[in-house]
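Asker: My structure file upload-v4.tsv, TSV, C-alpha atoms, is below:
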chain	number	residue	atom	x	y	z
A	36	MET	CA	24.82	-6.95	-5.77
A	37	ALA	CA	23.10	-4.68	-3.25
A	38	ARG	CA	21.75	-5.24	0.24
A	39	LEU	CA	20.28	-2.44	2.35
A	40	GLU	CA	19.94	-2.63	6.12
A	41	LEU	CA	18.33	-0.07	8.40
A	42	GLN	CA	19.32	-0.67	12.02
A	43	GLY	CA	17.50	1.08	14.86
A	44	ILE	CA	16.69	4.23	12.86
A	45	CYS	CA	15.34	7.00	15.11
A	46	LYS	CA	14.24	10.52	14.21
A	47	GLY	CA	12.88	12.97	16.78
A	48	TRP	CA	13.22	12.78	20.54
A	49	ASP	CA	10.27	14.37	22.36
A	50	TYR	CA	7.87	13.13	19.70
A	51	PRO	CA	9.63	10.43	17.65
A	52	ILE	CA	8.52	10.14	14.04
A	53	LEU	CA	10.76	7.12	13.53
A	54	ASP	CA	11.44	4.94	16.56
A	55	GLU	CA	14.08	2.17	16.31
A	56	LEU	CA	13.03	1.14	12.81
A	57	ASP	CA	14.73	-2.03	11.54
A	58	LEU	CA	14.45	-3.23	7.95
A	59	THR	CA	16.51	-5.35	5.56
A	60	ILE	CA	15.93	-5.33	1.81
A	61	GLU	CA	17.75	-7.84	-0.35
A	62	ASP	CA	19.31	-7.42	-3.77
A	63	GLY	CA	16.67	-7.40	-6.50
A	64	GLU	CA	13.79	-6.84	-4.08
A	65	PHE	CA	11.04	-4.33	-4.85
A	66	PHE	CA	9.83	-3.19	-1.44
A	67	CYS	CA	6.70	-1.03	-1.16
A	68	ILE	CA	5.98	1.20	1.83
A	69	LEU	CA	2.29	1.95	2.23
A	70	GLY	CA	0.77	4.42	4.64
A	71	PRO	CA	-1.30	7.58	5.02
A	72	SER	CA	0.08	11.07	4.40
A	73	GLY	CA	2.18	12.61	7.17
A	74	ILE	CA	3.42	9.30	8.56
A	75	SER	CA	7.17	9.92	7.79
A	76	LYS	CA	7.50	7.77	4.67
A	77	THR	CA	9.41	10.52	2.86
A	78	THR	CA	11.58	11.19	5.90
A	79	LEU	CA	12.73	7.58	5.83
A	80	LEU	CA	13.69	7.84	2.16
A	81	ARG	CA	15.59	11.09	2.81
A	82	ILE	CA	17.58	9.38	5.56
A	83	ILE	CA	18.52	6.54	3.19
A	84	ALA	CA	19.49	9.07	0.50
A	85	GLY	CA	21.57	11.11	2.96
A	86	LEU	CA	19.44	14.26	2.72
A	87	GLU	CA	18.61	13.94	6.43
A	88	SER	CA	20.56	12.38	9.28
A	89	PRO	CA	18.99	9.99	11.78
A	90	ASP	CA	19.19	10.90	15.45
A	91	ALA	CA	20.19	7.30	16.13
A	92	GLY	CA	20.72	4.12	14.15
A	93	ARG	CA	22.70	3.13	11.07
A	94	VAL	CA	22.21	2.82	7.31
A	95	ILE	CA	24.19	-0.15	5.97
A	96	LEU	CA	24.67	-0.76	2.24
A	97	ASN	CA	26.50	-3.91	1.13
A	98	GLY	CA	27.92	-4.32	4.62
A	99	LYS	CA	29.30	-0.76	4.73
A	100	ASP	CA	28.02	1.89	7.14
A	101	ILE	CA	26.99	4.88	4.99
A	102	THR	CA	25.14	6.79	7.73
A	103	ASP	CA	27.58	9.70	7.55
A	104	VAL	CA	28.40	9.47	3.84
A	105	PRO	CA	27.20	12.62	2.00
A	106	PRO	CA	24.37	12.10	-0.52
A	107	TYR	CA	26.52	12.79	-3.59
A	108	HIS	CA	28.80	9.88	-2.65
A	109	ARG	CA	25.97	7.38	-2.12
A	110	PRO	CA	24.96	5.03	-4.97
A	111	VAL	CA	21.34	6.02	-4.39
A	112	ALA	CA	18.78	7.69	-6.68
A	113	LEU	CA	15.66	9.40	-5.31
A	114	THR	CA	12.56	10.48	-7.21
A	115	PHE	CA	10.65	13.11	-5.24
A	116	GLU	CA	6.88	13.41	-5.07
A	117	SER	CA	7.45	16.97	-6.28
A	118	TYR	CA	9.13	17.18	-9.66
A	119	ALA	CA	12.29	19.10	-8.56
A	120	LEU	CA	13.22	19.96	-12.16
A	121	TYR	CA	15.54	22.75	-13.33
A	122	PRO	CA	13.14	25.17	-15.11
A	123	HIS	CA	15.88	26.85	-17.21
A	124	ARG	CA	17.20	23.58	-18.65
A	125	SER	CA	15.74	21.36	-21.35
A	126	VAL	CA	14.12	18.07	-20.44
A	127	PHE	CA	17.14	16.27	-21.94
A	128	ASP	CA	19.52	18.28	-19.74
A	129	ASN	CA	17.37	17.65	-16.65
A	130	ILE	CA	17.52	13.90	-17.21
A	131	ALA	CA	21.22	14.03	-18.09
A	132	SER	CA	22.28	15.95	-14.96
A	133	PRO	CA	23.16	12.91	-12.78
A	134	LEU	CA	24.99	11.26	-15.69
A	135	ARG	CA	27.07	14.36	-16.37
A	136	ALA	CA	27.93	14.48	-12.67
A	137	GLN	CA	29.36	10.97	-13.16
A	138	LYS	CA	31.33	12.27	-16.20
A	139	LEU	CA	29.92	9.60	-18.53
A	140	PRO	CA	30.64	9.83	-22.28
A	141	ARG	CA	28.04	11.72	-24.32
A	142	SER	CA	27.23	8.61	-26.38
A	143	GLU	CA	26.29	6.64	-23.25
A	144	ILE	CA	24.28	9.56	-21.87
A	145	GLU	CA	22.28	9.80	-25.11
A	146	ALA	CA	21.75	6.04	-25.23
A	147	ARG	CA	20.47	5.83	-21.64
A	148	ILE	CA	18.18	8.83	-22.04
A	149	GLY	CA	16.80	7.51	-25.33
A	150	GLU	CA	15.99	4.13	-23.78
A	151	VAL	CA	14.22	5.60	-20.73
A	152	ALA	CA	12.40	8.24	-22.82
A	153	ARG	CA	10.91	5.48	-24.99
A	154	ILE	CA	9.76	3.52	-21.96
A	155	LEU	CA	8.12	6.58	-20.36
A	156	ARG	CA	6.83	8.02	-23.65
A	157	ILE	CA	8.54	11.40	-23.36
A	158	GLU	CA	10.71	11.31	-26.49
A	159	GLU	CA	8.95	14.34	-28.01
A	160	LEU	CA	9.63	16.38	-24.85
A	161	LEU	CA	13.42	16.07	-24.73
A	162	ARG	CA	14.13	19.42	-26.41
A	163	ARG	CA	11.47	21.33	-24.51
A	164	ARG	CA	11.68	22.95	-21.11
A	165	PRO	CA	9.73	21.59	-18.12
A	166	ASN	CA	7.24	24.49	-18.12
A	167	GLU	CA	6.10	23.33	-21.58
A	168	ALA	CA	5.07	19.93	-20.17
A	169	SER	CA	1.94	18.91	-18.30
A	170	GLY	CA	2.02	17.83	-14.65
A	171	GLY	CA	1.92	14.16	-15.60
A	172	GLN	CA	4.70	14.62	-18.13
A	173	MET	CA	6.87	16.41	-15.55
A	174	GLN	CA	6.39	13.48	-13.18
A	175	ARG	CA	7.63	11.12	-15.90
A	176	ILE	CA	10.62	13.41	-16.57
A	177	SER	CA	11.49	13.30	-12.86
A	178	LEU	CA	11.19	9.51	-12.90
A	179	ALA	CA	13.39	9.30	-16.01
A	180	ARG	CA	16.15	11.25	-14.26
A	181	THR	CA	16.17	8.60	-11.53
A	182	LEU	CA	16.09	5.61	-13.86
A	183	VAL	CA	19.03	6.69	-16.02
A	184	LYS	CA	21.39	6.86	-13.03
A	185	ARG	CA	21.48	3.05	-12.54
A	186	PRO	CA	22.34	3.18	-8.81
A	187	GLU	CA	22.45	0.36	-6.28
A	188	VAL	CA	19.33	1.68	-4.51
A	189	PHE	CA	16.27	3.26	-6.14
A	190	LEU	CA	14.04	5.37	-3.89
A	191	LEU	CA	10.69	6.25	-5.48
A	192	ASP	CA	8.52	8.66	-3.49
A	193	GLU	CA	4.98	8.40	-4.93
A	194	PRO	CA	6.40	8.76	-8.46
A	195	ILE	CA	3.11	8.34	-10.34
A	196	SER	CA	0.67	9.94	-7.91
A	197	HIS	CA	0.07	12.97	-10.19
A	198	LEU	CA	-0.73	10.94	-13.31
A	199	ASP	CA	-4.16	10.10	-14.64
A	200	ALA	CA	-5.54	6.60	-14.08
A	201	ARG	CA	-4.68	5.23	-17.53
A	202	ILE	CA	-1.04	6.39	-17.42
A	203	ARG	CA	-0.67	5.12	-13.83
A	204	TYR	CA	-1.86	1.70	-14.96
A	205	GLU	CA	0.55	1.67	-17.91
A	206	LEU	CA	3.50	2.71	-15.74
A	207	ARG	CA	2.69	0.04	-13.16
A	208	GLN	CA	3.03	-2.49	-15.97
A	209	GLN	CA	6.36	-0.91	-16.93
A	210	PHE	CA	7.61	-1.15	-13.35
A	211	HIS	CA	7.09	-4.90	-13.51
A	212	ARG	CA	9.31	-5.10	-16.60
A	213	LEU	CA	12.01	-2.52	-15.85
A	214	GLU	CA	15.15	-4.57	-15.28
A	215	ALA	CA	16.89	-1.56	-13.71
A	216	LEU	CA	14.40	-1.59	-10.83
A	217	ARG	CA	14.30	-5.35	-10.46
A	218	ALA	CA	18.08	-5.85	-10.43
A	219	VAL	CA	18.91	-3.71	-7.36
A	220	VAL	CA	17.20	-2.59	-4.14
A	221	THR	CA	14.06	-0.54	-4.84
A	222	ILE	CA	11.92	1.17	-2.21
A	223	TYR	CA	8.62	2.50	-3.52
A	224	VAL	CA	6.53	4.77	-1.29
A	225	THR	CA	2.81	5.15	-1.92
A	226	HIS	CA	-0.50	5.82	-0.18
A	227	ASP	CA	-2.35	3.75	-2.84
A	228	TYR	CA	-2.78	0.17	-1.67
A	229	THR	CA	-3.36	-1.13	-5.23
A	230	GLU	CA	0.11	0.10	-6.24
A	231	ALA	CA	1.68	-1.53	-3.19
A	232	LEU	CA	-0.03	-4.89	-3.65
A	233	SER	CA	0.53	-4.88	-7.41
A	234	LEU	CA	4.22	-3.95	-7.41
A	235	GLY	CA	5.73	-5.09	-4.14
A	236	ASP	CA	7.69	-8.29	-3.66
A	237	ARG	CA	7.09	-7.36	-0.04
A	238	VAL	CA	4.99	-4.61	1.50
A	239	GLY	CA	5.57	-2.64	4.69
A	240	ILE	CA	2.70	-0.76	6.34
A	241	MET	CA	3.89	2.49	7.90
A	242	GLY	CA	2.23	3.58	11.11
A	243	ARG	CA	3.15	6.02	13.83
A	244	ALA	CA	6.95	5.98	14.30
A	245	GLY	CA	7.68	3.02	12.07
A	246	LEU	CA	6.63	-0.09	10.18
A	247	VAL	CA	3.75	-1.90	11.87
A	248	GLN	CA	3.67	-4.93	9.56
A	249	THR	CA	5.79	-6.27	6.71
A	250	GLY	CA	5.10	-9.29	4.54
A	251	LEU	CA	4.00	-10.62	1.18
A	252	PRO	CA	1.20	-8.57	-0.43
A	253	ARG	CA	-1.37	-11.35	-0.07
A	254	ASP	CA	-0.47	-11.93	3.57
A	255	ILE	CA	-0.84	-8.22	4.35
A	256	PHE	CA	-4.34	-8.24	2.83
A	257	GLU	CA	-5.54	-11.58	4.21
A	258	ARG	CA	-3.79	-11.57	7.60
A	259	PRO	CA	-3.51	-8.00	8.93
A	260	ASN	CA	-1.90	-7.93	12.36
A	261	SER	CA	-3.89	-4.90	13.50
A	262	LEU	CA	-6.98	-2.83	12.90
A	263	PHE	CA	-4.73	-0.07	11.50
A	264	VAL	CA	-3.40	-2.36	8.77
A	265	ALA	CA	-6.83	-3.77	7.93
A	266	GLN	CA	-8.24	-0.25	7.46
A	267	HIS	CA	-5.42	0.89	5.16
A	268	VAL	CA	-5.46	-2.09	2.78
A	269	GLY	CA	-8.53	-2.70	0.68
A	270	GLN	CA	-11.15	-0.73	-1.20
A	271	PRO	CA	-14.03	-0.41	-0.40
A	272	PRO	CA	-12.89	-0.25	3.24
A	273	ILE	CA	-13.35	-3.15	5.61
A	274	ASN	CA	-16.65	-3.28	7.53
A	275	LEU	CA	-16.04	-2.85	11.29
A	276	ILE	CA	-18.48	-3.92	13.99
A	277	ASP	CA	-18.09	-3.57	17.76
A	278	CYS	CA	-19.28	-6.89	19.10
A	279	ALA	CA	-19.16	-9.45	21.87
A	280	LEU	CA	-18.97	-13.24	22.05
A	281	ARG	CA	-21.87	-15.20	23.48
A	282	ARG	CA	-22.42	-18.92	23.72
A	283	ALA	CA	-25.86	-19.99	22.40
A	284	ASP	CA	-27.01	-23.60	22.03
A	285	GLY	CA	-23.48	-24.79	22.71
A	286	ALA	CA	-21.92	-22.65	19.94
A	287	LEU	CA	-20.12	-19.33	20.03
A	288	GLN	CA	-22.05	-16.44	18.52
A	289	VAL	CA	-20.80	-12.96	17.49
A	290	GLU	CA	-23.28	-10.24	18.45
A	291	SER	CA	-23.09	-6.54	17.64
A	292	GLN	CA	-23.20	-4.31	20.70
A	293	GLU	CA	-25.13	-1.55	18.94
A	294	THR	CA	-27.34	-3.39	16.41
A	295	GLN	CA	-29.19	-6.67	16.00
A	296	LEU	CA	-26.52	-8.16	13.73
A	297	SER	CA	-25.26	-11.59	14.80
A	298	PHE	CA	-23.56	-14.56	13.18
A	299	PRO	CA	-21.85	-17.80	14.27
A	300	LEU	CA	-18.11	-17.92	14.88
A	301	ALA	CA	-16.12	-20.13	12.53
A	302	ALA	CA	-14.89	-23.24	14.36
A	303	ASP	CA	-11.15	-22.50	14.09
A	304	HIS	CA	-11.72	-18.87	15.11
A	305	GLY	CA	-13.65	-20.02	18.17
A	306	VAL	CA	-10.68	-22.02	19.43
A	307	ALA	CA	-8.33	-19.05	19.04
A	308	LEU	CA	-10.66	-16.47	20.60
A	309	GLU	CA	-11.69	-18.62	23.56
A	310	ALA	CA	-8.02	-19.16	24.35
A	311	ARG	CA	-7.49	-15.37	24.45
A	312	ASN	CA	-10.57	-14.85	26.65
A	313	GLU	CA	-11.63	-11.62	24.89
A	314	PRO	CA	-15.42	-11.25	25.35
A	315	LYS	CA	-15.55	-7.84	23.59
A	316	LEU	CA	-13.86	-7.23	20.27
A	317	VAL	CA	-14.10	-5.61	16.83
A	318	ALA	CA	-15.13	-7.81	13.91
A	319	GLY	CA	-13.79	-6.86	10.48
A	320	ILE	CA	-15.57	-8.10	7.36
A	321	ARG	CA	-14.13	-7.30	3.96
A	322	PRO	CA	-16.78	-6.48	1.31
A	323	GLN	CA	-15.31	-9.22	-0.91
A	324	TYR	CA	-16.55	-11.88	1.53
A	325	LEU	CA	-20.15	-10.75	1.59
A	326	GLU	CA	-22.58	-11.57	-1.22
A	327	ALA	CA	-26.06	-10.31	-2.01
A	328	LEU	CA	-27.91	-13.49	-3.00
A	329	ALA	CA	-30.58	-13.83	-5.63
A	330	ASP	CA	-33.74	-15.57	-4.42
A	331	ASP	CA	-32.73	-18.93	-5.92
A	332	THR	CA	-29.03	-18.83	-5.01
A	333	ASP	CA	-27.65	-21.55	-2.74
A	334	ALA	CA	-25.71	-20.12	0.19
A	335	ALA	CA	-23.34	-23.12	0.05
A	336	GLY	CA	-22.52	-23.33	3.74
A	337	ARG	CA	-22.29	-19.58	4.30
A	338	HIS	CA	-24.25	-17.77	6.98
A	339	VAL	CA	-27.27	-15.94	5.49
A	340	MET	CA	-28.63	-12.71	6.99
A	341	GLU	CA	-31.71	-10.71	6.08
A	342	GLY	CA	-31.34	-7.04	5.19
A	343	ARG	CA	-32.38	-4.17	2.95
A	344	ALA	CA	-30.56	-2.20	0.27
A	345	GLU	CA	-29.73	1.42	1.08
A	346	ILE	CA	-27.26	2.68	-1.55
A	347	TYR	CA	-26.02	1.05	-4.75
A	348	GLU	CA	-23.19	2.30	-6.99
A	349	ALA	CA	-22.50	0.74	-10.39
A	350	LEU	CA	-18.77	1.28	-11.02
A	351	GLY	CA	-18.35	-0.52	-14.34
A	352	SER	CA	-16.07	-3.39	-13.28
A	353	MET	CA	-18.08	-4.05	-10.12
A	354	GLY	CA	-20.96	-2.78	-8.02
A	355	VAL	CA	-20.82	-1.50	-4.44
A	356	LEU	CA	-23.88	-2.03	-2.26
A	357	VAL	CA	-24.50	-0.58	1.19
A	358	ALA	CA	-27.04	-2.77	2.99
A	359	ASP	CA	-28.78	-2.44	6.34
A	360	VAL	CA	-28.46	-5.77	8.15
A	361	GLY	CA	-30.06	-5.71	11.57
A	362	GLY	CA	-29.25	-2.00	11.87
A	363	ALA	CA	-25.59	-2.44	10.83
A	364	LYS	CA	-24.44	-0.80	7.59
A	365	LEU	CA	-22.47	-3.36	5.58
A	366	THR	CA	-20.67	-2.66	2.31
A	367	VAL	CA	-20.89	-5.50	-0.21
A	368	ILE	CA	-19.13	-5.93	-3.57
A	369	THR	CA	-21.51	-7.19	-6.26
A	370	ALA	CA	-21.41	-8.19	-9.90
A	371	PRO	CA	-21.14	-5.19	-12.29
A	372	ASP	CA	-24.55	-5.86	-13.86
A	373	ALA	CA	-26.44	-6.09	-10.55
A	374	ASN	CA	-29.13	-3.58	-9.63
A	375	PHE	CA	-30.68	-2.77	-6.25
A	376	GLU	CA	-33.33	-0.27	-5.31
A	377	PRO	CA	-33.39	1.54	-1.93
A	378	GLY	CA	-35.45	-0.48	0.55
A	379	GLN	CA	-35.26	-3.68	-1.51
A	380	PRO	CA	-35.21	-6.82	0.74
A	381	LEU	CA	-31.94	-8.76	0.52
A	382	ARG	CA	-30.29	-11.98	1.61
A	383	ILE	CA	-26.63	-11.38	2.49
A	384	ALA	CA	-24.30	-14.39	2.67
A	385	LEU	CA	-21.21	-14.17	4.88
A	386	ARG	CA	-18.09	-16.33	4.85
A	387	THR	CA	-17.55	-16.57	8.60
A	388	ASP	CA	-14.11	-18.12	8.11
A	389	ARG	CA	-12.92	-14.84	6.53
A	390	VAL	CA	-13.92	-12.51	9.38
A	391	HIS	CA	-11.09	-10.73	11.21
A	392	TYR	CA	-11.22	-10.03	14.95
A	393	PHE	CA	-9.35	-7.24	16.75
A	394	ASP	CA	-8.81	-6.23	20.36
A	395	MET	CA	-11.22	-3.40	21.16
A	396	GLN	CA	-8.64	-1.55	23.26
A	397	ASN	CA	-5.42	-1.64	21.24
A	398	GLY	CA	-6.54	-2.84	17.79
A	399	VAL	CA	-4.22	-5.87	17.73
A	400	SER	CA	-5.48	-8.82	15.69
A	401	LEU	CA	-6.75	-11.62	17.88
A	402	LEU	CA	-6.07	-14.13	15.10
A	403	ASN	CA	-2.87	-12.88	13.42
A	404	GLY	CA	-1.25	-10.63	16.02
Go ahead and render the structure in this file as structure tokens.

Answerer:
Amino acid sequence: MARLELQGICKGWDYPILDELDLTIEDGEFFCILGPSGISKTTLLRIIAGLESPDAGRVILNGKDITDVPPYHRPVALTFESYALYPHRSVFDNIASPLRAQKLPRSEIEARIGEVARILRIEELLRRRPNEASGGQMQRISLARTLVKRPEVFLLDEPISHLDARIRYELRQQFHRLEALRAVVTIYVTHDYTEALSLGDRVGIMGRAGLVQTGLPRDIFERPNSLFVAQHVGQPPINLIDCALRRADGALQVESQETQLSFPLAADHGVALEARNEPKLVAGIRPQYLEALADDTDAAGRHVMEGRAEIYEALGSMGVLVADVGGAKLTVITAPDANFEPGQPLRIALRTDRVHYFDMQNGVSLLNG
């Protein structure tokens, strides 16, 4: 059994990069940390692994304070974003290095390496040296070295970022099935939101100096607590519109401050926003909740706006349309077989109950903050 607690972790004084970060990850939990580059995700992993010391705070594993325990005495395995392989050793010897440090019998070392090599499809590389492997293969070798150790905590720092799309997809499927990762504490760092939402039992969004939101993957996507979170989860990116609330004919209306775009406020949103008394705000509309309607399509209770097509990209599994609606540029996801010509008149249907609203000054969600 493993349970990891981070209590008040701080790093940096004049300009803190981690500021009183608290996090608890339970045994068997696969926790994904998502955030842009340079936001201290790797620094956090290095503190857990013992490669860096926090300026304040404690790292607790299974109820024991390991903050000052050296890395080679911690039951933790870290896969770096860089490969960190020994160039003069064979792939087999690279993978075996943590097992030999534990003085395991050769038969067990060979069995563990054989099992992981089959999973990661690197069996034919075991007798080669790392410089004879491709970049993607070296990333899998680095990952294999972590998996064979069987620690109490796995730390994976963007372990598949250098692989091509097909191999990344296959390895994501493997991560779902790898019992070694699902039986202990696993922290997986990525800047790819699809990896985080696909793999994580929970997801933490890393912002300046710490985690700005943690929760179930669906909750992070559907109920972001800030503009920062909404912008870093979802592709194509969320549509953002500076707007104001206005009451017209007894109903609340959302009106863009820079364009002619307007739409009614959903009833339950109106109650929440009137209570906060925020006349100016930012509306966020995910492309998934806009639809370009055919002429004979029923809007089915959605708000319909008139617009024109500007750019259309056919991406195989879906289409991405950029439409001009009252001067606002809205991105819309369409069916893969759709086709739009520049300037083509459109009817765009909006699910007003799926619009997010954020404070214009600090970016906090006015619905989920």

Asker: Tell me, as a ChimeraX atom specification, which residues lie within 8 Å of range 134-140 of chain A, counting only C-alpha atoms; anything in the same chain fewer than 4 positions away does not count.

Answerer: /A:144,183-184

Asker: Between A:Val151, A:Ile240, A:Ala283, A:Met395, which residue has the minimum interatomic distance to Pro314 in chain A, considering all atoms listed in the file?

Answerer: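 Nearest candidate to Pro314 in chain A out of A:Val151, A:Ile240, A:Ala283, A:Met395: A:Met395.
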
Asker: Just how far from CA of Asn403 in chain A is CA of Tyr223 in chain A, in Å to one decimal?

Answerer: 25.6 Å

Asker: Looking at A:Asn397, A:Asn274, A:Ser261, A:Gln174, which one is nearest to Tyr324 in chain A, with distances taken over only C-alpha atoms?

Answerer: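 Nearest candidate to Tyr324 in chain A out of A:Asn397, A:Asn274, A:Ser261, A:Gln174: A:Asn274.
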
Asker: Which of these residues is nearest to Ala231 in chain A, using all atoms listed in the file: A:Arg147, A:His267, A:Lys46, A:Arg81?

Answerer: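 The answer is A:His267, which sits nearest to Ala231 in chain A.
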
Asker: For a cut-off of 7 Å around (-28.3, -13.8, 3.2), file coordinates, pick out all residues using only C-alpha atoms and list them as a VMD selection string.

Answerer: chain A and resid 327 to 328 338 to 341 381 to 384

Asker: Pick the closest to Gln379 in chain A from A:Glu293, A:Glu159, A:Asp90, A:Asp359: which is it, counting only C-alpha atoms?

Answerer: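 So, comparing all the options, the nearest one is A:Asp359.
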
Asker: Give me, as a short mmCIF file (atom, residue, chain, number, x, y, z; two decimals) with C-alpha atoms, keeping the file's coordinate frame, all polymer residues having an atom no more than 9 Å from Gln323 in chain A, counting only C-alpha atoms and skipping those fewer than 4 positions away in the same chain.

Answerer:
data_model
loop_
_atom_site.label_atom_id
_atom_site.label_comp_id
_atom_site.auth_asym_id
_atom_site.auth_seq_id
_atom_site.Cartn_x
_atom_site.Cartn_y
_atom_site.Cartn_z
CA PRO A 271 -14.03 -0.41 -0.40
CA VAL A 367 -20.89 -5.50 -0.21
CA ILE A 368 -19.13 -5.93 -3.57
CA THR A 369 -21.51 -7.19 -6.26
#

Asker: Restricting the calculation to all atoms listed in the file: of A:Asn166, A:Phe393, A:Thr114, A:Arg212, which residue gets closest to Arg311 in chain A?

Answerer: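 So, comparing all the options, the nearest one is A:Phe393.
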
Asker: Edge lengths and centre in Å to one decimal, as lines of an AutoDock Vina configuration file, is what I'm after for the box along x, y and z that holds all listed atoms of range 280-293 of chain A once 8 Å is added on each side.

Answerer:
center_x = -23.0
center_y = -13.2
center_z = 20.6
size_x = 24.0
size_y = 39.2
size_z = 22.2

Asker: Give me the residues within 12 Å of Leu213 in chain A as a ChimeraX atom specification, counting all atoms listed in the file and dropping any in the same chain fewer than 6 places off.

Answerer: /A:63,65,150-151,154-155,179,182-183,185,206-207,219,221,234

Asker: For Asp62 in chain A, which of A:Arg203, A:Arg175, A:Arg217, A:Arg243 is the closest residue, counting all atoms listed in the file?

Answerer: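 Closest residue, counting all atoms listed in the file: A:Arg217.
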
Asker: Suppose you want the space between CA of Arg162 in chain A and CA of Glu116 in chain A; what is it in Å?

Answerer: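 Value for the CA of Arg162 in chain A-CA of Glu116 in chain A distance: 23.3 Å.
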